[in-house]
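So this one's entry_0.tsv, TSV, C-alpha atoms:
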```tsv
chain	number	residue	atom	x	y	z
A	1	ALA	CA	-7.24	19.73	-11.33
A	2	VAL	CA	-5.22	17.42	-9.12
A	3	THR	CA	-4.15	20.07	-6.66
A	4	GLY	CA	-7.64	21.54	-6.63
A	5	LEU	CA	-9.07	18.15	-5.72
A	6	TRP	CA	-6.56	17.71	-2.93
A	7	MET	CA	-7.30	21.15	-1.53
A	8	MET	CA	-11.05	20.64	-1.82
A	9	MET	CA	-11.10	17.24	-0.14
A	10	GLY	CA	-8.30	17.84	2.36
A	11	LEU	CA	-5.40	15.47	2.95
A	12	ASP	CA	-7.00	13.91	5.99
A	13	ASP	CA	-10.47	13.57	4.49
A	14	GLU	CA	-11.84	10.08	5.24
A	15	PHE	CA	-12.56	9.56	1.55
A	16	TRP	CA	-8.93	8.89	0.80
A	17	SER	CA	-8.60	6.33	3.59
A	18	VAL	CA	-11.84	4.54	2.69
A	19	ALA	CA	-12.20	4.80	-1.09
A	20	MET	CA	-8.56	4.20	-1.86
A	21	ASN	CA	-6.50	1.34	-0.57
A	22	GLY	CA	-3.36	1.61	1.50
A	23	ARG	CA	-2.05	4.52	3.47
A	24	ASP	CA	1.56	3.41	3.11
A	25	GLU	CA	4.08	6.15	3.60
A	26	HIS	CA	5.27	5.97	0.01
A	27	LEU	CA	1.72	6.72	-1.17
A	28	LEU	CA	1.19	9.79	1.00
A	29	LEU	CA	1.60	13.31	-0.27
A	30	GLN	CA	5.00	14.40	0.95
A	31	ASP	CA	5.28	17.80	-0.75
A	32	ASP	CA	4.80	20.80	1.52
A	33	HIS	CA	3.62	22.75	-1.53
A	34	PRO	CA	0.83	20.79	-3.22
A	35	ASP	CA	0.24	23.60	-5.72
A	36	ASP	CA	3.56	22.65	-7.30
A	37	PHE	CA	2.39	19.10	-8.00
A	38	ASP	CA	2.46	18.26	-11.69
A	39	VAL	CA	0.84	15.01	-12.80
A	40	THR	CA	2.85	15.04	-16.02
A	41	SER	CA	6.06	14.51	-14.02
A	42	CYS	CA	4.80	11.36	-12.34
A	43	GLU	CA	6.79	8.18	-12.66
A	44	THR	CA	5.02	4.87	-13.16
A	45	ILE	CA	5.28	2.01	-10.70
A	46	GLU	CA	3.87	-1.45	-11.32
A	47	ARG	CA	1.55	-3.35	-9.06
A	48	THR	CA	0.18	-6.88	-9.37
A	49	ILE	CA	-3.47	-7.47	-8.51
A	50	THR	CA	-4.91	-10.98	-8.16
A	51	THR	CA	-8.63	-11.70	-8.32
A	52	LEU	CA	-9.68	-15.23	-7.38
A	53	ALA	CA	-12.03	-17.22	-9.61
A	54	PRO	CA	-15.26	-18.76	-8.27
A	55	ASP	CA	-14.68	-21.89	-6.18
A	56	SER	CA	-16.96	-23.88	-8.48
A	57	SER	CA	-14.92	-23.12	-11.60
A	58	ASP	CA	-11.69	-24.54	-12.97
A	59	LEU	CA	-10.39	-21.10	-13.84
A	60	ARG	CA	-7.10	-19.93	-12.48
A	61	PRO	CA	-6.95	-16.55	-10.68
A	62	LEU	CA	-6.85	-13.42	-12.79
A	63	VAL	CA	-3.46	-11.76	-12.34
A	64	LEU	CA	-3.18	-8.23	-13.75
A	65	ARG	CA	-0.10	-6.04	-13.72
A	66	LEU	CA	-1.14	-2.42	-13.44
A	67	GLY	CA	1.02	0.65	-13.78
A	68	GLN	CA	0.10	3.56	-11.55
A	69	ASN	CA	1.38	7.11	-11.40
A	70	SER	CA	3.75	7.98	-8.57
A	71	ASN	CA	6.13	10.86	-8.02
A	72	ASP	CA	8.01	10.86	-4.73
A	73	GLY	CA	5.04	9.08	-3.21
A	74	CYS	CA	2.46	11.51	-4.55
A	75	LEU	CA	-1.00	10.26	-5.37
A	76	SER	CA	-1.81	11.50	-8.86
A	77	ASP	CA	-5.52	11.85	-9.40
A	78	VAL	CA	-7.52	8.79	-10.50
A	79	SER	CA	-4.47	7.03	-11.94
A	80	GLY	CA	-2.49	7.15	-8.71
A	81	ASP	CA	-3.91	4.13	-6.89
A	82	ILE	CA	-6.44	1.31	-7.09
A	83	TRP	CA	-9.62	2.15	-5.22
A	84	ASP	CA	-11.19	-0.42	-2.92
A	85	ALA	CA	-14.47	-0.19	-4.84
A	86	SER	CA	-12.64	-1.25	-8.00
A	87	LEU	CA	-11.16	-4.27	-6.23
A	88	LEU	CA	-14.64	-5.28	-5.08
A	89	LEU	CA	-16.20	-4.74	-8.51
A	90	ALA	CA	-13.46	-6.83	-10.15
A	91	GLY	CA	-14.10	-9.49	-7.51
A	92	PHE	CA	-17.81	-9.48	-8.28
A	93	LEU	CA	-17.41	-9.63	-12.06
A	94	PHE	CA	-14.65	-12.23	-12.26
A	95	GLY	CA	-14.77	-13.87	-8.84
A	96	THR	CA	-18.45	-14.84	-8.67
A	97	ASN	CA	-20.55	-17.07	-10.91
A	98	GLU	CA	-23.20	-14.36	-11.07
A	99	GLY	CA	-20.73	-11.74	-12.26
A	100	GLN	CA	-19.17	-14.01	-14.86
A	101	GLN	CA	-22.59	-14.88	-16.26
A	102	LEU	CA	-23.58	-11.22	-16.45
A	103	CYS	CA	-20.41	-10.38	-18.39
A	104	PHE	CA	-20.89	-13.31	-20.76
A	105	ASN	CA	-24.54	-12.43	-21.36
A	106	ALA	CA	-23.66	-8.80	-22.06
A	107	CYS	CA	-21.15	-9.81	-24.73
A	108	PHE	CA	-22.38	-13.13	-26.10
A	109	GLY	CA	-25.81	-13.85	-24.61
A	110	LYS	CA	-28.92	-14.36	-26.72
A	111	ASP	CA	-30.10	-10.80	-26.11
A	112	SER	CA	-26.74	-9.26	-27.02
A	113	ALA	CA	-27.32	-9.73	-30.73
A	114	GLN	CA	-30.47	-7.60	-30.50
A	115	VAL	CA	-28.49	-4.52	-29.44
A	116	ASP	CA	-26.52	-2.40	-31.89
A	117	GLY	CA	-22.97	-3.00	-30.67
A	118	GLY	CA	-23.78	-4.50	-27.31
A	119	GLY	CA	-20.99	-5.42	-24.94
A	120	ILE	CA	-19.70	-3.73	-21.79
A	121	LEU	CA	-18.90	-0.10	-21.05
A	122	GLU	CA	-16.89	0.93	-17.99
A	123	LEU	CA	-17.22	4.50	-16.75
A	124	GLY	CA	-14.42	6.08	-14.74
A	125	SER	CA	-12.01	3.24	-15.44
A	126	GLY	CA	-8.97	4.76	-13.72
A	127	LEU	CA	-6.28	2.09	-13.99
A	128	GLY	CA	-8.66	-0.34	-15.69
A	129	LEU	CA	-8.92	-3.14	-13.14
A	130	SER	CA	-12.70	-3.62	-13.20
A	131	GLY	CA	-13.06	-3.27	-16.95
A	132	MET	CA	-10.34	-5.83	-17.61
A	133	ALA	CA	-11.91	-8.17	-15.05
A	134	ALA	CA	-15.21	-7.90	-16.93
A	135	ALA	CA	-13.50	-8.67	-20.23
A	136	ALA	CA	-11.68	-11.64	-18.70
A	137	ALA	CA	-14.94	-12.97	-17.25
A	138	ALA	CA	-16.73	-12.79	-20.62
A	139	ALA	CA	-13.81	-14.38	-22.49
A	140	ALA	CA	-13.28	-17.12	-19.89
A	141	THR	CA	-16.96	-18.09	-19.87
A	142	LEU	CA	-17.05	-18.23	-23.66
A	143	HIS	CA	-13.92	-20.40	-23.73
A	144	ALA	CA	-15.24	-22.70	-20.99
A	145	ARG	CA	-18.36	-23.44	-23.01
A	146	ASP	CA	-16.16	-24.67	-25.87
A	147	VAL	CA	-18.63	-23.70	-28.57
A	148	ASP	CA	-17.98	-22.61	-32.13
A	149	ASP	CA	-19.29	-19.09	-31.69
A	150	GLU	CA	-18.59	-16.56	-34.42
A	151	ARG	CA	-20.20	-13.66	-32.61
A	152	THR	CA	-17.98	-10.74	-31.73
A	153	SER	CA	-18.32	-8.21	-28.96
A	154	ARG	CA	-16.52	-5.41	-27.17
A	155	VAL	CA	-15.48	-4.05	-23.81
A	156	ILE	CA	-14.76	-0.31	-23.76
A	157	LEU	CA	-12.93	1.29	-20.83
A	158	THR	CA	-13.40	5.05	-20.50
A	159	ASP	CA	-12.21	7.96	-18.42
A	160	LEU	CA	-11.62	11.69	-18.61
A	161	ASP	CA	-10.18	13.19	-21.78
A	162	ASP	CA	-6.77	13.51	-20.16
A	163	ASN	CA	-3.62	12.30	-21.89
A	164	ASN	CA	-1.96	11.14	-18.68
A	165	ILE	CA	-4.95	9.11	-17.53
A	166	LEU	CA	-5.80	7.61	-20.91
A	167	SER	CA	-2.22	6.80	-21.89
A	168	LEU	CA	-1.60	4.88	-18.67
A	169	LEU	CA	-4.98	3.15	-18.96
A	170	SER	CA	-4.14	2.13	-22.54
A	171	LYS	CA	-0.74	0.79	-21.48
A	172	ASN	CA	-2.37	-1.26	-18.73
A	173	VAL	CA	-4.84	-2.79	-21.17
A	174	GLU	CA	-2.19	-3.54	-23.78
A	175	SER	CA	0.15	-5.19	-21.28
A	176	ASN	CA	-2.61	-7.48	-19.98
A	177	LEU	CA	-4.32	-8.55	-23.21
A	178	SER	CA	-2.99	-12.11	-23.01
A	179	GLU	CA	-4.19	-12.43	-19.41
A	180	ILE	CA	-7.59	-10.97	-20.24
A	181	GLY	CA	-8.06	-13.40	-23.09
A	182	GLU	CA	-8.84	-10.87	-25.79
A	183	GLY	CA	-9.11	-12.56	-29.16
A	184	SER	CA	-11.03	-12.63	-32.38
A	185	ASN	CA	-14.33	-12.72	-30.47
A	186	LEU	CA	-13.72	-9.85	-28.06
A	187	SER	CA	-12.06	-6.46	-28.43
A	188	VAL	CA	-10.92	-4.41	-25.43
A	189	THR	CA	-10.31	-0.73	-26.12
A	190	VAL	CA	-9.82	2.57	-24.29
A	191	GLN	CA	-11.74	5.74	-25.13
A	192	SER	CA	-12.43	9.10	-23.54
A	193	CYS	CA	-15.85	9.93	-22.14
A	194	ASP	CA	-16.92	13.32	-20.84
A	195	TRP	CA	-20.07	12.82	-18.79
A	196	PHE	CA	-21.05	16.44	-19.33
A	197	ASN	CA	-20.99	16.08	-23.12
A	198	VAL	CA	-22.13	12.53	-23.88
A	199	ALA	CA	-24.25	13.64	-26.81
A	200	SER	CA	-21.45	15.61	-28.47
A	201	SER	CA	-17.98	14.85	-29.76
A	202	ARG	CA	-16.26	17.31	-27.41
A	203	GLY	CA	-14.13	15.38	-24.96
A	204	ASN	CA	-15.41	12.06	-26.26
A	205	SER	CA	-13.82	9.46	-28.47
A	206	CYS	CA	-16.64	7.18	-27.26
A	207	ARG	CA	-19.23	8.19	-29.82
A	208	CYS	CA	-21.36	5.10	-29.55
A	209	PRO	CA	-25.05	5.56	-30.33
A	210	LYS	CA	-27.47	6.00	-27.48
A	211	GLY	CA	-28.70	2.82	-25.80
A	212	THR	CA	-26.13	0.39	-27.19
A	213	PHE	CA	-24.49	-1.28	-24.17
A	214	ASN	CA	-25.86	-4.35	-22.42
A	215	LEU	CA	-23.79	-3.80	-19.29
A	216	ILE	CA	-22.36	-0.60	-17.82
A	217	ILE	CA	-20.04	-0.87	-14.83
A	218	GLY	CA	-18.48	1.60	-12.44
A	219	SER	CA	-16.75	1.68	-9.06
A	220	ALA	CA	-17.07	4.62	-6.64
A	221	LEU	CA	-18.32	6.76	-9.50
A	222	ILE	CA	-19.71	9.39	-7.17
A	223	TYR	CA	-17.35	11.04	-4.71
A	224	MET	CA	-18.31	14.69	-5.29
A	225	PRO	CA	-21.81	16.16	-5.82
A	226	ASP	CA	-20.76	18.19	-8.87
A	227	HIS	CA	-20.79	15.28	-11.32
A	228	ALA	CA	-23.64	13.18	-9.87
A	229	VAL	CA	-26.34	14.32	-12.30
A	230	ALA	CA	-24.03	14.04	-15.34
A	231	CYS	CA	-23.04	10.52	-14.31
A	232	ALA	CA	-26.67	9.38	-14.04
A	233	GLU	CA	-27.44	10.91	-17.44
A	234	THR	CA	-24.42	9.14	-18.96
A	235	VAL	CA	-25.67	5.79	-17.65
A	236	TYR	CA	-29.10	6.53	-19.09
A	237	HIS	CA	-27.62	7.62	-22.43
A	238	TYR	CA	-25.57	4.48	-23.07
A	239	LEU	CA	-27.66	1.77	-21.40
A	240	SER	CA	-29.63	-0.49	-23.72
A	241	ARG	CA	-33.37	-0.74	-23.12
A	242	SER	CA	-33.18	-4.53	-23.45
A	243	SER	CA	-34.76	-6.48	-20.59
A	244	SER	CA	-31.45	-8.05	-19.61
A	245	SER	CA	-29.38	-4.84	-19.75
A	246	GLN	CA	-28.25	-3.09	-16.59
A	247	ALA	CA	-25.62	-0.95	-14.95
A	248	ILE	CA	-23.72	-2.23	-11.92
A	249	VAL	CA	-22.09	0.23	-9.55
A	250	ILE	CA	-20.25	-0.54	-6.31
A	251	GLN	CA	-20.41	2.49	-4.08
A	252	LEU	CA	-20.29	3.77	-0.51
A	253	PRO	CA	-23.92	4.90	-0.09
A	254	ASP	CA	-23.09	7.83	2.15
A	255	ARG	CA	-20.64	9.41	-0.28
A	256	ALA	CA	-21.44	13.08	-0.95
A	257	GLY	CA	-23.64	13.42	-4.03
A	258	PHE	CA	-24.71	9.79	-4.33
A	259	ASP	CA	-28.25	10.65	-3.22
A	260	ILE	CA	-28.35	13.16	-6.08
A	261	PHE	CA	-27.21	10.43	-8.49
A	262	LEU	CA	-29.97	8.07	-7.32
A	263	CYS	CA	-32.59	10.82	-7.54
A	264	ARG	CA	-31.61	11.65	-11.11
A	265	CYS	CA	-31.69	7.96	-12.07
A	266	ARG	CA	-35.27	7.73	-10.85
A	267	GLU	CA	-36.21	10.94	-12.69
A	268	LEU	CA	-34.89	9.28	-15.85
A	269	ASP	CA	-37.19	6.31	-15.16
A	270	LEU	CA	-34.35	4.00	-14.22
A	271	PHE	CA	-35.09	1.33	-11.62
A	272	VAL	CA	-32.46	1.03	-8.89
A	273	SER	CA	-32.02	-1.87	-6.47
A	274	SER	CA	-29.12	-2.70	-4.19
A	275	ARG	CA	-27.71	-5.26	-1.83
A	276	ALA	CA	-24.84	-5.54	0.60
A	277	VAL	CA	-21.46	-6.86	-0.47
A	278	SER	CA	-21.40	-10.57	0.35
A	279	GLU	CA	-18.76	-12.39	2.33
A	280	ASP	CA	-17.97	-14.56	-0.71
A	281	LEU	CA	-17.26	-11.44	-2.72
A	282	ILE	CA	-15.01	-10.04	-0.01
A	283	MET	CA	-13.08	-13.31	0.04
A	284	SER	CA	-12.53	-13.21	-3.73
A	285	VAL	CA	-10.37	-10.11	-3.31
A	286	GLU	CA	-6.77	-10.83	-2.44
A	287	LYS	CA	-6.37	-7.69	-0.35
A	288	ARG	CA	-8.24	-7.36	2.93
A	289	ILE	CA	-10.54	-4.35	2.67
A	290	VAL	CA	-11.41	-3.10	6.13
A	291	SER	CA	-14.42	-1.10	4.94
A	292	ALA	CA	-15.75	-3.74	2.51
A	293	SER	CA	-18.98	-4.32	4.41
A	294	ASP	CA	-19.83	-0.61	4.08
A	295	TYR	CA	-20.14	-0.86	0.30
A	296	ARG	CA	-23.28	-1.79	-1.58
A	297	ILE	CA	-23.81	-3.15	-5.09
A	298	TYR	CA	-26.33	-1.12	-7.08
A	299	PHE	CA	-28.20	-2.58	-10.05
A	300	ILE	CA	-29.71	-0.02	-12.43
A	301	LYS	CA	-32.13	-0.96	-15.20
A	302	SER	CA	-34.44	0.81	-17.58
A	303	ARG	CA	-38.05	0.41	-16.42
A	304	ASN	CA	-38.85	-0.46	-20.02
A	305	GLY	CA	-36.75	-3.58	-19.52
A	306	CYS	CA	-37.94	-4.46	-16.01
```
Turn the structure described in the file into structure tokens.
Amino acid sequence: AVTGLWMMMGLDDEFWSVAMNGRDEHLLLQDDHPDDFDVTSCETIERTITTLAPDSSDLRPLVLRLGQNSNDGCLSDVSGDIWDASLLLAGFLFGTNEGQQLCFNACFGKDSAQVDGGGILELGSGLGLSGMAAAAAAAATLHARDVDDERTSRVILTDLDDNNILSLLSKNVESNLSEIGEGSNLSVTVQSCDWFNVASSRGNSCRCPKGTFNLIIGSALIYMPDHAVACAETVYHYLSRSSSSQAIVIQLPDRAGFDIFLCRCRELDLFVSSRAVSEDLIMSVEKRIVSASDYRIYFIKSRNGC
């Protein structure tokens, strides 16, 4: 799958220079024979990512230590690097007052109790940055309010049913639980999710009932047309019909297949709005993202809840 993706996209395809950060030499594919690349042989290197808190809050920055797959500098599928869209989504969720409030409401807001399960679902988690930022935002806001709240909630990070991806994602979550602020009120777990089989158990350990998440998040979910329809249908399947529920996706709008994703969302009677990435959001991300202004934030809601 990895070599097929490389061959399909091409090593010099602009996607890899825009959607993924850094073109450092140690991250470039060095092997003259990409067909010999084996993701199972990848070594793990650690990287520290800092997301700044809103200026108006007393919160300290969120510092996450993320392992990523590397083998002689080879990028290894979705667990090989942190995509720029994920940095921006983490910045929005943890680094802005709006994002923190959305995460809190999804887990502990007044409408969350009306949904069976509630909480936050991340699709295509990769290394888990955005999902952990969402969990940290919900936990930090709850703690800041200093209320005796016995409600519990969940944040579930998902990706392909692939042992290499899920095991590294699980390790990243486990090693950052103290930083996230997981406790008796909030659980943070990793599960598999096959967008092509959301209604079945095949490829899915995420067997949550339909319409049970208050907030669904994703970063650069669409980068190939093949999975655009399945992704839209997965959002529709898991998104609660509550008036406050929504999906938030940060995406390059011109990415191949994203128009198909938007079309399918509308066919499913989902309302889609968007706005440009703000300067405040860009500043909340420690790393300078050259293409940040090209991204847009998409808000997707059920028309029943609009």
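What separates CA of Thr48 (chain A) from CA of Ser153 (chain A) is a distance of 27.0 Å.
Using all atoms listed in the file, the shortest contact distance between Ser293 (chain A) and any of A:Val229, A:Cys107, A:Val277, A:Ala199 is found at A:Val277.
Take the candidates A:Arg47, A:His237, A:His227, A:Arg303 and check each one against Ser200 (chain A) using only C-alpha atoms; the shortest distance goes to A:His237.
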### Summary
Pairwise distance, CA of Ile300 (chain A) with CA of Cys265 (chain A), equals 8.2 Å
### Closest of A:Ala144, A:Asp58, A:Ala133, A:Leu169 to Gly80 (chain A) - atom-to-atom distances counting only C-alpha atoms
A:Leu169
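Taking CA of Ser175 (chain A) and CA of Ile49 (chain A) as endpoints, the distance between them is 13.5 Å.
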### Within 12 Å of file point (-25.1, 8.9, -0.9), counting all atoms listed in the file, expressed as a ChimeraX atom specification
/A:220-225,228,250-263,294-296,298
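In terms of minimum interatomic distance to Ser302 (chain A), A:Gly211 ranks closest within A:Gly119, A:Gly211, A:Pro61, A:Gly128, counting only C-alpha atoms.
Proximity to Ser205 (chain A) was assessed for A:Thr158, A:Ser56, A:Ser167, A:Ser278 counting all atoms listed in the file; the smallest distance is recorded for A:Thr158.
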### Message
Can you pull out the residues contacting region 88-102 of chain A? Cut-off 8 Å, using only C-alpha atoms, and skip same-chain residues under 2 positions away; I want them as a VMD selection string.
### Response
chain A and resid 51 to 54 62 84 to 86 104 to 106 129 to 131 133 to 134 136 to 138 141 215 218 to 219 249 to 250 280 to 282 284 to 285 292
Could you save the residues just selected, with C-alpha atoms, as a tab-separated table (two decimals), keeping the file's coordinate frame?
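The resulting result-v8.tsv:
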```tsv
chain	number	residue	atom	x	y	z
A	51	THR	CA	-8.63	-11.70	-8.32
A	52	LEU	CA	-9.68	-15.23	-7.38
A	53	ALA	CA	-12.03	-17.22	-9.61
A	54	PRO	CA	-15.26	-18.76	-8.27
A	62	LEU	CA	-6.85	-13.42	-12.79
A	84	ASP	CA	-11.19	-0.42	-2.92
A	85	ALA	CA	-14.47	-0.19	-4.84
A	86	SER	CA	-12.64	-1.25	-8.00
A	104	PHE	CA	-20.89	-13.31	-20.76
A	105	ASN	CA	-24.54	-12.43	-21.36
A	106	ALA	CA	-23.66	-8.80	-22.06
A	129	LEU	CA	-8.92	-3.14	-13.14
A	130	SER	CA	-12.70	-3.62	-13.20
A	131	GLY	CA	-13.06	-3.27	-16.95
A	133	ALA	CA	-11.91	-8.17	-15.05
A	134	ALA	CA	-15.21	-7.90	-16.93
A	136	ALA	CA	-11.68	-11.64	-18.70
A	137	ALA	CA	-14.94	-12.97	-17.25
A	138	ALA	CA	-16.73	-12.79	-20.62
A	141	THR	CA	-16.96	-18.09	-19.87
A	215	LEU	CA	-23.79	-3.80	-19.29
A	218	GLY	CA	-18.48	1.60	-12.44
A	219	SER	CA	-16.75	1.68	-9.06
A	249	VAL	CA	-22.09	0.23	-9.55
A	250	ILE	CA	-20.25	-0.54	-6.31
A	280	ASP	CA	-17.97	-14.56	-0.71
A	281	LEU	CA	-17.26	-11.44	-2.72
A	282	ILE	CA	-15.01	-10.04	-0.01
A	284	SER	CA	-12.53	-13.21	-3.73
A	285	VAL	CA	-10.37	-10.11	-3.31
A	292	ALA	CA	-15.75	-3.74	2.51
```
### Task
Enumerate, as a ChimeraX atom specification, the protein, DNA and RNA residues whose atoms approach (-15.8, -11.3, -29.3) to within 8 Å, taking into account all atoms listed in the file and the coordinate frame of the file.
/A:107-108,139,150-154,182-187
